[in-house]
$ cat input-v1.txt   # compact mmCIF, C-alpha atoms
# COMPACT_ATOMS: atom_id res chain seq x y z
CA THR A 1296 -27.35 5.69 5.38
CA ARG A 1297 -25.94 9.17 4.83
CA PRO A 1298 -28.59 11.33 3.08
CA TRP A 1299 -26.20 12.50 0.37
CA ILE A 1300 -24.92 9.04 -0.57
CA PRO A 1301 -27.84 8.15 -2.91
CA ARG A 1302 -27.33 11.41 -4.84
CA LEU A 1303 -23.59 10.80 -5.04
CA ALA A 1304 -24.13 7.24 -6.22
CA ASP A 1305 -26.56 8.37 -8.92
CA ALA A 1306 -24.09 10.98 -10.14
CA LEU A 1307 -21.21 8.50 -10.06
CA ALA A 1308 -23.12 5.92 -12.08
CA GLY A 1309 -23.35 8.23 -15.08
CA ASN A 1310 -20.18 10.27 -14.60
CA SER A 1311 -17.35 9.90 -17.12
CA HIS A 1312 -15.00 12.59 -15.77
CA CYS A 1313 -14.31 11.71 -12.13
CA ARG A 1314 -11.14 9.59 -11.92
CA GLU A 1315 -10.54 9.67 -8.15
CA LEU A 1316 -13.10 9.59 -5.31
CA ASN A 1317 -11.89 10.14 -1.75
CA LEU A 1318 -14.48 9.50 0.99
CA THR A 1319 -12.11 9.20 3.94
CA ALA A 1320 -13.74 9.41 7.40
CA CYS A 1321 -17.25 10.12 6.15
CA ASN A 1322 -18.91 7.72 8.62
CA LEU A 1323 -20.07 5.45 5.81
CA ASP A 1324 -21.65 2.13 6.81
CA ASP A 1325 -22.55 -1.05 4.93
CA ALA A 1326 -25.71 0.50 3.47
CA CYS A 1327 -23.64 3.36 2.02
CA CYS A 1328 -21.19 0.88 0.53
CA GLU A 1329 -24.08 -0.95 -1.12
CA LYS A 1330 -25.20 2.28 -2.83
CA LEU A 1331 -21.66 3.06 -3.99
CA ALA A 1332 -21.15 -0.50 -5.20
CA ALA A 1333 -24.24 -0.29 -7.39
CA ALA A 1334 -22.76 2.78 -9.08
CA LEU A 1335 -19.29 1.24 -9.28
CA ALA A 1336 -20.56 -1.82 -11.14
CA GLY A 1337 -21.22 0.22 -14.29
CA ASN A 1338 -18.68 3.02 -13.92
CA HIS A 1339 -15.52 2.23 -15.90
CA HIS A 1340 -13.92 5.68 -15.56
CA LEU A 1341 -13.15 5.82 -11.82
CA ALA A 1342 -9.56 4.69 -11.20
CA SER A 1343 -9.18 5.22 -7.45
CA LEU A 1344 -11.70 4.79 -4.62
CA VAL A 1345 -10.67 5.67 -1.05
CA LEU A 1346 -13.02 4.57 1.74
CA GLU A 1347 -10.50 4.71 4.58
CA GLY A 1348 -11.61 5.40 8.14
CA ASN A 1349 -15.32 4.56 7.77
CA ARG A 1350 -17.57 1.82 9.21
CA CYS A 1351 -17.57 -0.59 6.31
CA GLY A 1352 -17.83 -4.20 7.49
CA ASN A 1353 -17.76 -7.56 5.76
CA GLU A 1354 -21.21 -6.95 4.29
CA GLY A 1355 -20.25 -3.63 2.74
CA ALA A 1356 -16.96 -5.01 1.41
CA THR A 1357 -18.85 -7.93 -0.14
CA HIS A 1358 -21.08 -5.46 -2.02
CA ILE A 1359 -17.98 -3.75 -3.41
CA ALA A 1360 -16.47 -7.10 -4.39
CA SER A 1361 -19.66 -7.97 -6.28
CA ALA A 1362 -19.40 -4.68 -8.20
CA LEU A 1363 -15.83 -5.51 -9.18
CA ARG A 1364 -17.06 -8.52 -11.14
CA THR A 1365 -18.31 -6.19 -13.88
CA ASN A 1366 -16.17 -3.11 -13.23
CA ARG A 1367 -13.32 -2.55 -15.69
CA GLY A 1368 -11.96 0.78 -14.58
CA LEU A 1369 -11.03 0.73 -10.89
CA MET A 1370 -7.32 0.21 -10.28
CA MET A 1371 -6.91 1.05 -6.59
CA LEU A 1372 -9.23 0.42 -3.61
CA ASN A 1373 -8.52 1.65 -0.07
CA LEU A 1374 -10.51 0.04 2.76
CA LEU A 1375 -8.05 0.64 5.57
CA ASN A 1376 -8.98 1.43 9.19
CA GLN A 1377 -12.68 0.55 9.23
CA LYS A 1378 -14.05 1.27 12.70
CA GLY A 1379 -15.32 -1.78 14.56
CA SER A 1380 -14.83 -4.10 11.58
CA ARG A 1381 -12.42 -6.85 10.66
CA PHE A 1382 -12.26 -8.32 7.21
CA GLY A 1383 -11.98 -12.09 7.33
CA ASP A 1384 -12.48 -15.21 5.24
CA SER A 1385 -15.94 -14.26 4.00
CA THR A 1386 -14.63 -10.99 2.54
CA LEU A 1387 -11.63 -12.81 1.08
CA ALA A 1388 -13.93 -15.30 -0.65
CA ALA A 1389 -15.99 -12.46 -2.14
CA PHE A 1390 -12.91 -10.71 -3.55
CA THR A 1391 -11.27 -13.86 -4.92
CA GLY A 1392 -14.56 -14.60 -6.67
CA ALA A 1393 -14.54 -11.12 -8.18
CA PHE A 1394 -11.16 -11.81 -9.76
CA ASP A 1395 -12.71 -14.60 -11.80
CA SER A 1396 -13.72 -11.80 -14.18
CA ASN A 1397 -11.86 -8.69 -12.94
CA ILE A 1398 -8.53 -8.07 -14.67
CA THR A 1399 -8.12 -4.36 -13.89
CA LEU A 1400 -7.83 -3.93 -10.09
CA LEU A 1401 -4.14 -3.63 -9.18
CA LYS A 1402 -4.03 -2.60 -5.55
CA ILE A 1403 -6.03 -3.11 -2.36
CA ILE A 1404 -5.12 -1.26 0.82
CA TRP A 1405 -6.75 -2.85 3.87
CA ARG A 1406 -6.25 -5.13 6.84
CA LEU A 1407 -7.28 -8.69 6.08
CA GLU A 1408 -7.24 -11.31 8.81
CA SER A 1409 -7.03 -14.60 6.96
CA ARG A 1410 -4.49 -17.35 6.45
CA GLN A 1411 -5.68 -17.71 2.85
CA SER A 1412 -4.63 -14.21 1.78
CA PHE A 1413 -1.99 -15.68 -0.54
CA ARG A 1414 -4.84 -16.63 -2.90
CA LEU A 1415 -5.70 -12.96 -3.36
CA ASN A 1416 -2.03 -12.03 -3.68
CA LYS A 1417 -1.67 -14.33 -6.69
CA LEU A 1418 -4.66 -12.77 -8.41
CA LEU A 1419 -3.35 -9.24 -7.87
CA VAL A 1420 0.04 -10.28 -9.22
CA ARG A 1421 -1.75 -11.60 -12.32
CA ASN A 1422 -3.56 -8.29 -12.85
CA ASN A 1423 -0.33 -6.34 -12.39
CA GLU A 1424 1.34 -8.51 -15.02
CA ILE A 1425 -1.55 -7.85 -17.38
CA ASP A 1426 -1.11 -4.13 -16.75
CA ARG A 1427 2.63 -4.33 -17.49
CA ARG A 1428 1.98 -6.12 -20.77
CA LEU A 1429 -0.64 -3.58 -21.74
CA ALA A 1430 1.83 -0.77 -21.09
CA SER A 1431 4.47 -2.42 -23.28
CA GLY A 1432 2.05 -3.48 -26.02
CA ARG A 1433 2.55 -7.21 -25.44
CA ASP A 1434 -0.04 -9.97 -25.69
CA TYR A 1435 -1.70 -10.97 -22.42
CA SER A 1436 -4.33 -13.41 -23.62
CA ASP A 1437 -2.64 -16.30 -21.79
CA LEU A 1438 -3.34 -14.51 -18.47
CA LEU A 1439 -7.05 -13.93 -19.03
CA PRO A 1440 -9.47 -15.98 -16.91
CA GLU A 1441 -11.66 -18.38 -18.83
CA GLY A 1442 -14.46 -16.58 -20.66
CA VAL A 1443 -13.09 -13.06 -20.04
CA ALA A 1444 -12.64 -10.84 -23.09
CA PRO A 1445 -9.62 -8.53 -23.53
CA LEU A 1446 -9.97 -4.86 -22.68
CA ALA A 1447 -11.35 -2.59 -25.36
CA PRO A 1448 -8.84 -0.11 -26.86
CA ALA A 1449 -10.68 2.80 -25.23
CA LEU A 1450 -10.24 1.22 -21.80
CA VAL A 1451 -6.56 0.59 -22.45
CA THR A 1452 -6.04 4.26 -23.37
CA ARG A 1453 -7.98 5.37 -20.31
CA ARG A 1454 -5.80 3.26 -18.02
CA SER A 1455 -2.62 4.78 -19.42
CA THR A 1456 -3.82 8.24 -18.39
CA ALA A 1457 -4.54 7.11 -14.82
CA SER A 1458 -0.87 6.82 -13.84
CA SER A 1459 -1.16 9.89 -11.60
CA PHE A 1460 -3.55 7.94 -9.37
CA ILE A 1461 -1.99 4.49 -9.50
CA SER A 1462 1.70 3.56 -9.31
CA PRO A 1463 3.06 1.66 -12.31
CA ARG A 1464 3.91 -1.33 -10.12
CA ALA A 1465 1.14 -1.47 -7.57
CA HIS A 1466 0.97 -4.38 -5.18
CA LEU A 1467 -1.38 -5.61 -2.53
CA LEU A 1468 -0.96 -3.93 0.87
CA GLN A 1469 -2.56 -5.92 3.61
CA ARG A 1470 -1.78 -7.46 6.97
CA THR A 1471 -2.69 -10.95 8.03
CA SER A 1472 -2.92 -12.32 11.54
CA SER A 1473 -1.59 -15.74 12.41
CA ALA A 1474 -3.02 -18.05 15.04
CA ASP A 1475 -0.65 -16.75 17.71
CA GLY A 1476 -1.82 -13.19 17.10
CA ALA A 1477 1.39 -12.01 15.46
CA ASP A 1478 0.92 -9.71 12.49
CA LYS A 1479 2.63 -10.62 9.27
CA ALA A 1480 2.97 -8.22 6.36
CA ALA A 1481 2.17 -9.58 2.93
CA PRO A 1482 5.10 -9.09 0.52
CA PRO A 1483 5.91 -6.78 -1.12
CA PRO A 1484 4.10 -3.95 0.76
CA PRO A 1485 4.74 -0.36 -0.31
CA SER A 1486 5.90 1.92 2.48
CA SER A 1487 3.13 4.24 3.71
CA GLY A 1488 1.14 3.76 0.55
CA ALA A 1489 4.10 4.70 -1.66
CA ALA A 1490 5.12 2.41 -4.50
CA ILE A 1491 8.34 1.86 -6.41
CA ALA A 1492 7.79 4.95 -8.56
CA SER A 1493 5.44 7.80 -7.80
CA ALA A 1494 4.66 11.40 -8.76
CA GLY A 1495 5.71 10.70 -12.33
CA VAL A 1496 9.36 10.02 -11.39
CA SER A 1497 10.68 6.72 -12.70
CA VAL A 1498 13.11 4.43 -10.90
CA ARG A 1499 15.80 5.19 -13.48
CA GLU A 1500 15.45 8.94 -12.88
CA ARG A 1501 15.71 8.46 -9.13
CA VAL A 1502 18.86 6.37 -9.47
CA ALA A 1503 20.41 8.96 -11.80
CA ALA A 1504 19.57 11.79 -9.40
CA ARG A 1505 21.15 9.85 -6.54
CA GLN A 1506 24.34 9.28 -8.57
CA GLU A 1507 24.60 12.97 -9.50
CA ALA A 1508 24.13 14.19 -5.93
CA PRO A 1509 27.39 15.34 -4.27
CA SER A 1510 28.85 12.91 -1.78
CA PRO A 1511 28.86 14.04 1.85
CA PRO A 1512 32.17 15.27 3.34
CA PRO A 1513 34.25 12.67 5.18
CA ARG A 1514 33.65 12.39 8.86
CA ALA A 1515 36.22 13.81 11.27
CA PRO A 1516 38.20 11.19 13.23
CA PRO A 1517 36.95 10.63 16.77
CA PRO A 1518 38.82 12.48 19.56
CA PRO A 1519 41.55 10.52 21.41
CA PRO A 1520 40.52 8.87 24.66
CA PRO A 1521 41.27 10.81 27.88
CA ALA A 1522 44.58 10.17 29.65
CA PRO A 1523 44.39 7.67 32.53
CA PRO A 1524 44.55 9.14 36.07
CA PRO A 1525 47.98 9.10 37.86
CA PRO A 1526 48.67 6.12 40.11
CA PRO A 1527 48.02 6.60 43.83
CA PRO A 1528 51.08 7.56 46.05
CA PRO A 1529 52.79 4.79 48.02
CA GLU A 1530 51.63 4.05 51.54
CA GLY A 1531 53.14 6.43 54.13
CA TYR A 1532 54.09 9.09 51.63
CA THR A 1533 53.35 12.62 53.01
CA GLY A 1534 54.68 14.71 50.16
CA VAL A 1535 57.43 16.33 52.39
CA PHE A 1536 61.05 15.45 51.77
CA PRO A 1537 63.67 15.82 54.56
CA SER A 1538 66.18 18.72 54.21
CA SER A 1539 69.84 18.04 53.58
CA SER A 1540 70.84 19.26 57.11
CA SER A 1541 68.47 17.01 58.92
CA ALA A 1542 69.61 14.12 56.85
CA ARG A 1543 73.25 14.39 58.16
CA PRO A 1544 74.25 12.27 61.17
$ encode --input "input-v1.txt" --output "structure tokens"
Amino acid sequence: TRPWIPRLADALAGNSHCRELNLTACNLDDACCEKLAAALAGNHHLASLVLEGNRCGNEGATHIASALRTNRGLMMLNLLNQKGSRFGDSTLAAFTGAFDSNITLLKIIWRLESRQSFRLNKLLVRNNEIDRRLASGRDYSDLLPEGVAPLAPALVTRRSTASSFISPRAHLLQRTSSADGADKAAPPPPSSGAAIASAGVSVRERVAARQEAPSPPPRAPPPPPPAPPPPPPPEGYTGVFPSSSSARP
């Protein structure tokens, strides 16, 4: 494991200020993920965890999934582009099990090779619906898994301040591989990690800005086609006409 990971994990376990942790391309392996997962299990303040471009395999992802069973703060997890690893059915089973008690994770960015990915999609849609109801002050008790208590008011307030890290309508971004090897994107994937609204700009504001923008000038008509070439001269024509004197008998 990386020598600084245990110290980072210890600090993260008791930290209540860090909202976003980006560990992209830090050469983290499964043992590192296990240390981070232990800290994540009791940290309810971290909203975004980016582990893109490391060496996390199915074992490391399973550790993170186990931490999500008790975590009530993380809203976005990025496990994209793990070197030499492919997440399959075993990782899917670990994450679907985590959603038996997790109602806060809204978005996973990764590549999952499984035909059963729709099971995870449904659970993420459920969590996103819970988040929408929380934002509008509506009851969401009918969406809670059996035996799971509602979020405490302090957690609800903390989630509302994490909008700068997580889009208001986050969805699962993953790719699944079919038996013939063709990649299929899971709907509805955000483009390049972007969601419907980002950077604090709502959809309504974007539509209004587009309507107020000046329309582009009309395009000029295309130029007329070139004139066709003249027909060829008749056979035997030399271009010299006989004079009037030579034409007399």
$ closest_residue --input "input-v1.txt" --among "A:Gly1368, A:Pro1516, A:Gly1337, A:Pro1526" --to "Leu1450 of chain A" --atoms "only C-alpha atoms"
A:Gly1368
$ residues_around --input "input-v1.txt" --residues "segment 1304-1318 of chain A" --least-positions-apart "2" --cutoff "12 Å" --atoms "only C-alpha atoms" --output "MDAnalysis selection string"
chainID A and resid 1297:1302 1320:1324 1326:1351 1362 1366 1368:1375 1453:1454 1456:1461
$ atom_distance --input "input-v1.txt" --atom1 "atom CA of Ile1359 of chain A" --atom2 "atom CA of Thr1386 of chain A"
10.0 Å
$ atom_distance --input "input-v1.txt" --atom1 "atom CA of Val1443 of chain A" --atom2 "atom CA of Leu1363 of chain A"
13.5 Å
$ closest_residue --input "input-v1.txt" --among "A:Pro1448, A:Gly1355, A:Pro1511, A:Pro1529" --to "Ala1389 of chain A" --atoms "only C-alpha atoms"
A:Gly1355
$ atom_distance --input "input-v1.txt" --atom1 "atom CA of Glu1354 of chain A" --atom2 "atom CA of Ser1380 of chain A"
10.1 Å
$ residues_near_point --input "input-v1.txt" --point "(-6.8, -4.0, 5.4)" --cutoff "6 Å" --atoms "all atoms listed in the file" --output "list of chain:residue names"
A:Leu1375, A:Ile1404, A:Trp1405, A:Arg1406, A:Leu1407, A:Gln1469
$ residues_around --input "input-v1.txt" --residues "Leu1419 of chain A" --least-positions-apart "4" --cutoff "10 Å" --atoms "only C-alpha atoms" --output "PyMOL selection string"
chain A and resi 1391+1394+1397-1403+1413-1415+1423-1425+1465-1467
